[in-house]
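Trainee: Dropping in final_39.txt, which is compact mmCIF, C-alpha atoms:
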# COMPACT_ATOMS: atom_id res chain seq x y z
CA PHE A 1 -29.46 -6.45 9.72
CA LEU A 2 -29.09 -9.52 7.51
CA ASP A 3 -26.05 -11.54 6.56
CA MET A 4 -25.52 -11.98 2.81
CA GLY A 5 -23.80 -15.27 1.94
CA GLY A 6 -25.69 -18.28 3.27
CA THR A 7 -28.66 -16.16 4.36
CA ILE A 8 -29.85 -13.97 1.47
CA ASP A 9 -28.16 -16.17 -1.09
CA THR A 10 -26.40 -19.51 -1.40
CA HIS A 11 -23.20 -20.31 -3.22
CA THR A 12 -21.74 -23.43 -4.73
CA TYR A 13 -18.12 -24.13 -5.58
CA ASP A 14 -17.48 -24.63 -9.30
CA ARG A 15 -13.97 -25.72 -10.24
CA ARG A 16 -14.54 -25.60 -14.00
CA ALA A 17 -15.87 -22.04 -13.83
CA GLY A 18 -12.98 -21.12 -11.55
CA VAL A 19 -10.37 -22.49 -13.93
CA ARG A 20 -11.93 -20.48 -16.78
CA ALA A 21 -11.89 -17.35 -14.61
CA THR A 22 -8.23 -17.94 -13.78
CA ALA A 23 -7.29 -16.94 -17.32
CA ASP A 24 -8.62 -13.46 -16.49
CA ILE A 25 -6.69 -13.47 -13.22
CA ARG A 26 -3.53 -14.12 -15.22
CA LEU A 27 -4.32 -11.13 -17.45
CA LEU A 28 -4.96 -8.91 -14.43
CA LEU A 29 -1.63 -9.91 -12.91
CA SER A 30 0.19 -9.27 -16.19
CA ARG A 31 -1.20 -5.70 -16.21
CA CYS A 32 0.87 -4.91 -13.14
CA GLY A 33 3.96 -6.80 -14.27
CA VAL A 34 3.42 -10.10 -12.46
CA THR A 35 4.06 -13.21 -14.58
CA VAL A 36 3.02 -16.61 -13.23
CA ARG A 37 4.67 -19.49 -15.07
CA SER A 38 2.02 -22.18 -14.74
CA ASP A 39 -1.05 -23.27 -16.65
CA ASP A 40 -4.57 -22.24 -15.61
CA GLU A 41 -5.20 -25.41 -13.60
CA GLU A 42 -2.00 -24.96 -11.62
CA LEU A 43 -2.63 -21.24 -11.10
CA TYR A 44 -6.18 -21.97 -9.97
CA ASP A 45 -4.88 -24.42 -7.36
CA ARG A 46 -2.27 -21.91 -6.25
CA VAL A 47 -4.90 -19.18 -5.81
CA ASN A 48 -7.13 -21.53 -3.81
CA GLU A 49 -4.27 -22.69 -1.60
CA GLY A 50 -3.27 -19.11 -0.86
CA LEU A 51 -6.81 -17.99 -0.14
CA SER A 52 -7.37 -21.03 2.09
CA ALA A 53 -4.29 -20.07 4.10
CA TYR A 54 -5.63 -16.54 4.38
CA ARG A 55 -9.04 -17.80 5.53
CA ARG A 56 -7.40 -19.82 8.30
CA TRP A 57 -5.43 -16.77 9.41
CA ARG A 58 -8.40 -14.39 9.39
CA GLU A 59 -10.63 -16.83 11.30
CA SER A 60 -8.28 -16.52 14.27
CA SER A 61 -7.49 -12.81 13.91
CA TRP A 62 -10.90 -11.47 12.78
CA ILE A 63 -8.92 -9.05 10.57
CA GLU A 64 -9.92 -8.46 6.94
CA LEU A 65 -6.84 -7.46 4.98
CA PRO A 66 -7.13 -5.36 1.82
CA PRO A 67 -6.97 -7.52 -1.34
CA GLU A 68 -3.51 -6.30 -2.35
CA LYS A 69 -2.06 -7.62 0.93
CA VAL A 70 -3.98 -10.89 0.68
CA TRP A 71 -2.61 -11.59 -2.76
CA ARG A 72 0.93 -10.41 -1.99
CA GLU A 73 1.28 -12.14 1.38
CA PHE A 74 -0.74 -15.33 0.83
CA VAL A 75 -1.47 -16.11 -2.83
CA LEU A 76 1.75 -14.86 -4.42
CA LYS A 77 3.99 -14.94 -1.36
CA THR A 78 6.88 -16.55 -3.26
CA CYS A 79 6.85 -13.85 -5.95
CA PRO A 80 8.97 -10.68 -5.55
CA ILE A 81 6.14 -8.11 -5.46
CA SER A 82 6.49 -4.55 -4.20
CA PRO A 83 3.92 -3.23 -1.66
CA ASP A 84 2.01 -1.11 -4.21
CA GLN A 85 2.43 -3.29 -7.29
CA LEU A 86 -0.99 -4.95 -7.06
CA SER A 87 -2.98 -1.89 -5.97
CA GLU A 88 -4.35 -1.20 -9.46
CA VAL A 89 -5.83 -4.69 -9.93
CA ALA A 90 -6.38 -5.93 -6.37
CA GLU A 91 -10.11 -5.25 -6.23
CA ASP A 92 -10.59 -6.85 -9.67
CA LEU A 93 -8.73 -9.95 -8.46
CA ALA A 94 -10.94 -10.22 -5.37
CA TYR A 95 -14.10 -9.57 -7.37
CA THR A 96 -13.19 -12.23 -9.95
CA VAL A 97 -12.75 -14.86 -7.24
CA ASP A 98 -15.88 -13.86 -5.30
CA THR A 99 -18.13 -13.80 -8.36
CA ARG A 100 -16.72 -16.46 -10.67
CA TYR A 101 -15.14 -19.14 -8.48
CA TYR A 102 -18.57 -19.54 -6.90
CA GLN A 103 -22.09 -19.68 -8.32
CA ARG A 104 -24.42 -17.52 -6.22
CA ARG A 105 -28.22 -17.66 -6.17
CA MET A 106 -30.74 -15.70 -4.12
CA ARG A 107 -33.03 -17.77 -1.93
CA PRO A 108 -36.46 -17.62 -3.63
CA GLU A 109 -38.33 -16.54 -0.48
CA VAL A 110 -36.14 -13.46 0.10
CA PRO A 111 -38.16 -10.79 -1.81
CA ARG A 112 -41.37 -11.78 -0.05
CA VAL A 113 -39.66 -11.72 3.35
CA LEU A 114 -38.09 -8.32 2.68
CA GLU A 115 -41.42 -6.85 1.61
CA SER A 116 -42.98 -8.20 4.81
CA LEU A 117 -40.24 -6.72 6.99
CA LYS A 118 -40.51 -3.36 5.26
CA GLY A 119 -44.26 -3.49 5.75
CA MET A 120 -43.62 -3.82 9.48
CA GLY A 121 -41.78 -0.50 9.40
CA LEU A 122 -38.32 -2.01 9.95
CA LYS A 123 -35.14 -0.42 8.59
CA LEU A 124 -32.97 -3.05 6.88
CA GLY A 125 -29.24 -3.30 6.41
CA ILE A 126 -26.54 -5.87 5.63
CA ILE A 127 -23.40 -6.92 7.49
CA SER A 128 -21.25 -9.20 5.30
CA ASN A 129 -17.83 -10.80 5.60
CA ILE A 130 -16.41 -10.43 2.09
CA GLN A 131 -13.09 -9.55 0.50
CA SER A 132 -14.40 -7.78 -2.62
CA ARG A 133 -16.02 -4.37 -2.27
CA GLY A 134 -18.07 -4.96 -5.41
CA GLN A 135 -19.56 -8.44 -4.96
CA VAL A 136 -22.36 -7.72 -2.48
CA PRO A 137 -23.58 -4.48 -4.15
CA SER A 138 -23.53 -6.05 -7.62
CA ASP A 139 -25.42 -9.16 -6.49
CA LEU A 140 -28.03 -7.05 -4.66
CA ARG A 141 -28.61 -5.23 -7.97
CA ARG A 142 -28.71 -8.52 -9.89
CA TYR A 143 -31.29 -9.92 -7.47
CA GLY A 144 -33.37 -6.74 -7.69
CA ILE A 145 -33.32 -6.14 -3.91
CA GLU A 146 -30.77 -3.33 -3.60
CA LYS A 147 -33.51 -0.83 -2.65
CA PHE A 148 -34.23 -2.61 0.64
CA PHE A 149 -30.84 -2.12 2.30
CA ASP A 150 -29.19 0.91 3.85
CA PRO A 151 -26.55 0.66 5.18
CA VAL A 152 -24.53 -2.13 3.57
CA VAL A 153 -21.51 -2.83 5.80
CA LEU A 154 -18.66 -4.95 4.39
CA SER A 155 -15.72 -6.39 6.30
CA CYS A 156 -13.35 -5.42 3.47
CA GLU A 157 -14.24 -1.76 4.05
CA TYR A 158 -14.38 -1.85 7.84
CA GLY A 159 -11.21 -3.96 8.23
CA ARG A 160 -12.62 -6.39 10.81
CA ARG A 161 -14.81 -9.44 10.34
CA LYS A 162 -17.76 -10.95 12.14
CA PRO A 163 -17.79 -12.06 14.96
CA ASP A 164 -15.78 -9.00 15.98
CA PRO A 165 -18.41 -6.93 17.82
CA GLY A 166 -16.88 -3.77 16.36
CA ILE A 167 -18.37 -4.36 12.92
CA PHE A 168 -21.85 -4.76 14.44
CA LEU A 169 -21.47 -1.56 16.46
CA PHE A 170 -20.20 0.25 13.36
CA ALA A 171 -23.25 -0.95 11.41
CA ALA A 172 -25.59 0.31 14.14
CA ARG A 173 -23.93 3.74 14.02
CA ARG A 174 -24.25 3.79 10.23
CA ALA A 175 -27.95 3.06 10.65
CA GLY A 176 -28.26 5.94 13.11
CA THR A 177 -29.36 3.84 16.04
CA SER A 178 -28.06 1.95 19.07
CA ALA A 179 -27.05 -1.70 19.20
CA GLY A 180 -29.86 -2.39 21.64
CA ARG A 181 -32.40 -1.50 18.94
CA CYS A 182 -30.89 -3.85 16.35
CA ALA A 183 -31.46 -7.47 15.38
CA HIS A 184 -29.18 -9.59 13.20
CA VAL A 185 -30.15 -12.57 11.03
CA GLY A 186 -27.40 -14.93 9.89
CA ASP A 187 -26.54 -18.56 9.20
CA ARG A 188 -23.41 -18.99 11.36
CA ILE A 189 -23.68 -19.18 15.14
CA SER A 190 -19.96 -18.58 15.63
CA ARG A 191 -19.93 -15.44 13.44
CA ASP A 192 -23.40 -13.97 13.19
CA ILE A 193 -25.10 -14.94 16.42
CA GLN A 194 -22.24 -14.71 18.91
CA GLY A 195 -20.86 -11.52 17.36
CA ALA A 196 -24.22 -9.75 17.47
CA LYS A 197 -24.78 -10.88 21.05
CA GLN A 198 -21.36 -9.58 22.15
CA ALA A 199 -22.15 -6.24 20.50
CA GLY A 200 -25.33 -5.93 22.53
CA PHE A 201 -27.83 -6.44 19.73
CA ALA A 202 -31.33 -6.95 21.07
CA LEU A 203 -31.98 -10.07 19.00
CA GLU A 204 -29.83 -12.59 17.13
CA ILE A 205 -31.62 -15.02 14.81
CA GLY A 206 -30.24 -18.01 12.94
CA ARG A 207 -31.54 -18.36 9.38
CA ALA A 208 -33.56 -21.51 10.10
CA SER A 209 -35.38 -20.01 13.08
CA CYS A 210 -35.95 -16.82 11.12
CA ARG A 211 -37.70 -18.73 8.35
CA GLU A 212 -39.92 -20.44 10.91
CA ARG A 213 -40.87 -17.12 12.55
CA VAL A 214 -41.61 -15.34 9.28
Go ahead and express the file in the form of structure tokens.
Mentor:
Amino acid sequence: FLDMGGTIDTHTYDRRAGVRATADIRLLLSRCGVTVRSDDEELYDRVNEGLSAYRRWRESSWIELPPEKVWREFVLKTCPISPDQLSEVAEDLAYTVDTRYYQRRMRPEVPRVLESLKGMGLKLGIISNIQSRGQVPSDLRRYGIEKFFDPVVLSCEYGRRKPDPGIFLFAARRAGTSAGRCAHVGDRISRDIQGAKQAGFALEIGRASCRERV
């Protein structure tokens, strides 16, 4: 298994692109009857502050909330929003942030490495902490490497995040094998390496050491 963000690709924070994307966030919110009385710069800062608060909470709980709860309880917590009001647009909100607040690029060596791993007869999958269900699949298609990975396990679908060992064990079951026959490659010791080790994966590899070995 490989991690996505920081391992397969890199991402950079782009405030100007994020502010432009915030106009679309405003339109999405208006579709479900939520009006935010602030300009795009102010709304952008509000979204970031709310998502930062959520990130702090999830780092201690290892829980990945569905997007509608994230936006209702963290981003728009001062707005009177009913439990189901955001359900129609929640995934679009998460996808907009994950794909347009950040600029993502595949590491150039990835296709060659994947071909080499496939040539060794290894089955490949992904375990990714992400809020949007669509971001990882769409970027795998954009990079032209979707064919290499099955299964693709996302925290937003499983409901728990790395380093929770449960998501690693779930991924192994999806792959039809045991944890002891799995390896995980990631860029974060606290999430990728420790989580895989606690799940009983046979091998946990940081991205730098993986590059050296390949």
Trainee: Would you pick out the contacts of segment 132-143 of chain A at 7 Å or less, using only C-alpha atoms, so that residues sharing its chain but fewer than 2 positions from it are not included, and give the list as a ChimeraX atom specification?
Mentor: /A:91,94-95,98-99,106,130,145-146,156
Trainee: Identify which of the residues A:Asp40, A:Glu59, A:Glu204, A:Glu68 lies closest to Pro83 of chain A, counting only C-alpha atoms when measuring atom-to-atom distances.
Mentor: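 For Pro83 of chain A, the nearest of the given residues is A:Glu68.
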Trainee: Can you list, as a PyMOL selection string, every protein, DNA or RNA residue that comes within 9 Å of Leu76 of chain A when you count only C-alpha atoms, leaving out same-chain residues fewer than 6 positions away?
Mentor: chain A and resi 46-47+50+70
Trainee: So that I can check the surroundings of Leu86 of chain A, please list as number ranges by chain every protein, DNA and RNA residue that reaches within 12 Å of it, counting all atoms listed in the file and ignoring chain neighbours fewer than 6 positions away.
Mentor: A: 25, 28-34, 66-73, 75-76, 79-80, 92-94
Trainee: Using all atoms listed in the file, which of A:Met120, A:Val152, A:Ala21, A:Ala172 sits nearest Val97 of chain A?
Mentor: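 Under the stated criterion, the closest residue is A:Ala21.
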Trainee: Could you tell me how far atom CA of Thr7 of chain A sits from atom CA of Tyr102 of chain A, in Å to one decimal place?
Mentor: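 Between these atoms lies a distance of 15.5 Å.
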Trainee: Please reconstruct the missing atoms of segment 42-54 of chain A (target: N, CA, C and O atoms) and return them as a short mmCIF file (atom, residue, chain, number, x, y, z; two decimals), keeping the file's coordinate frame.
Mentor:
data_model
loop_
_atom_site.label_atom_id
_atom_site.label_comp_id
_atom_site.auth_asym_id
_atom_site.auth_seq_id
_atom_site.Cartn_x
_atom_site.Cartn_y
_atom_site.Cartn_z
N GLU A 42 -2.98 -25.12 -12.70
CA GLU A 42 -2.00 -24.96 -11.62
C GLU A 42 -2.16 -23.61 -10.92
O GLU A 42 -2.08 -23.51 -9.69
N LEU A 43 -2.43 -22.55 -11.70
CA LEU A 43 -2.63 -21.24 -11.10
C LEU A 43 -3.89 -21.22 -10.26
O LEU A 43 -3.93 -20.64 -9.16
N TYR A 44 -4.94 -21.88 -10.74
CA TYR A 44 -6.18 -21.97 -9.97
C TYR A 44 -5.92 -22.63 -8.62
O TYR A 44 -6.39 -22.16 -7.58
N ASP A 45 -5.19 -23.74 -8.62
CA ASP A 45 -4.88 -24.42 -7.36
C ASP A 45 -4.03 -23.53 -6.46
O ASP A 45 -4.23 -23.51 -5.23
N ARG A 46 -3.13 -22.79 -7.04
CA ARG A 46 -2.27 -21.91 -6.25
C ARG A 46 -3.09 -20.80 -5.59
O ARG A 46 -2.89 -20.47 -4.42
N VAL A 47 -4.03 -20.23 -6.36
CA VAL A 47 -4.90 -19.18 -5.81
C VAL A 47 -5.72 -19.75 -4.66
O VAL A 47 -5.83 -19.14 -3.59
N ASN A 48 -6.30 -20.93 -4.85
CA ASN A 48 -7.13 -21.53 -3.81
C ASN A 48 -6.32 -21.86 -2.56
O ASN A 48 -6.79 -21.68 -1.43
N GLU A 49 -5.12 -22.37 -2.75
CA GLU A 49 -4.27 -22.69 -1.60
C GLU A 49 -3.93 -21.42 -0.81
O GLU A 49 -3.97 -21.41 0.43
N GLY A 50 -3.59 -20.36 -1.53
CA GLY A 50 -3.27 -19.11 -0.86
C GLY A 50 -4.45 -18.52 -0.13
O GLY A 50 -4.33 -18.04 1.01
N LEU A 51 -5.61 -18.54 -0.77
CA LEU A 51 -6.81 -17.99 -0.14
C LEU A 51 -7.26 -18.86 1.04
O LEU A 51 -7.79 -18.34 2.02
N SER A 52 -7.05 -20.16 0.95
CA SER A 52 -7.37 -21.03 2.09
C SER A 52 -6.48 -20.71 3.28
O SER A 52 -6.94 -20.68 4.43
N ALA A 53 -5.19 -20.46 3.02
CA ALA A 53 -4.29 -20.07 4.10
C ALA A 53 -4.71 -18.74 4.71
O ALA A 53 -4.67 -18.57 5.94
N TYR A 54 -5.15 -17.82 3.86
CA TYR A 54 -5.63 -16.54 4.38
C TYR A 54 -6.88 -16.73 5.21
O TYR A 54 -7.02 -16.11 6.29
#
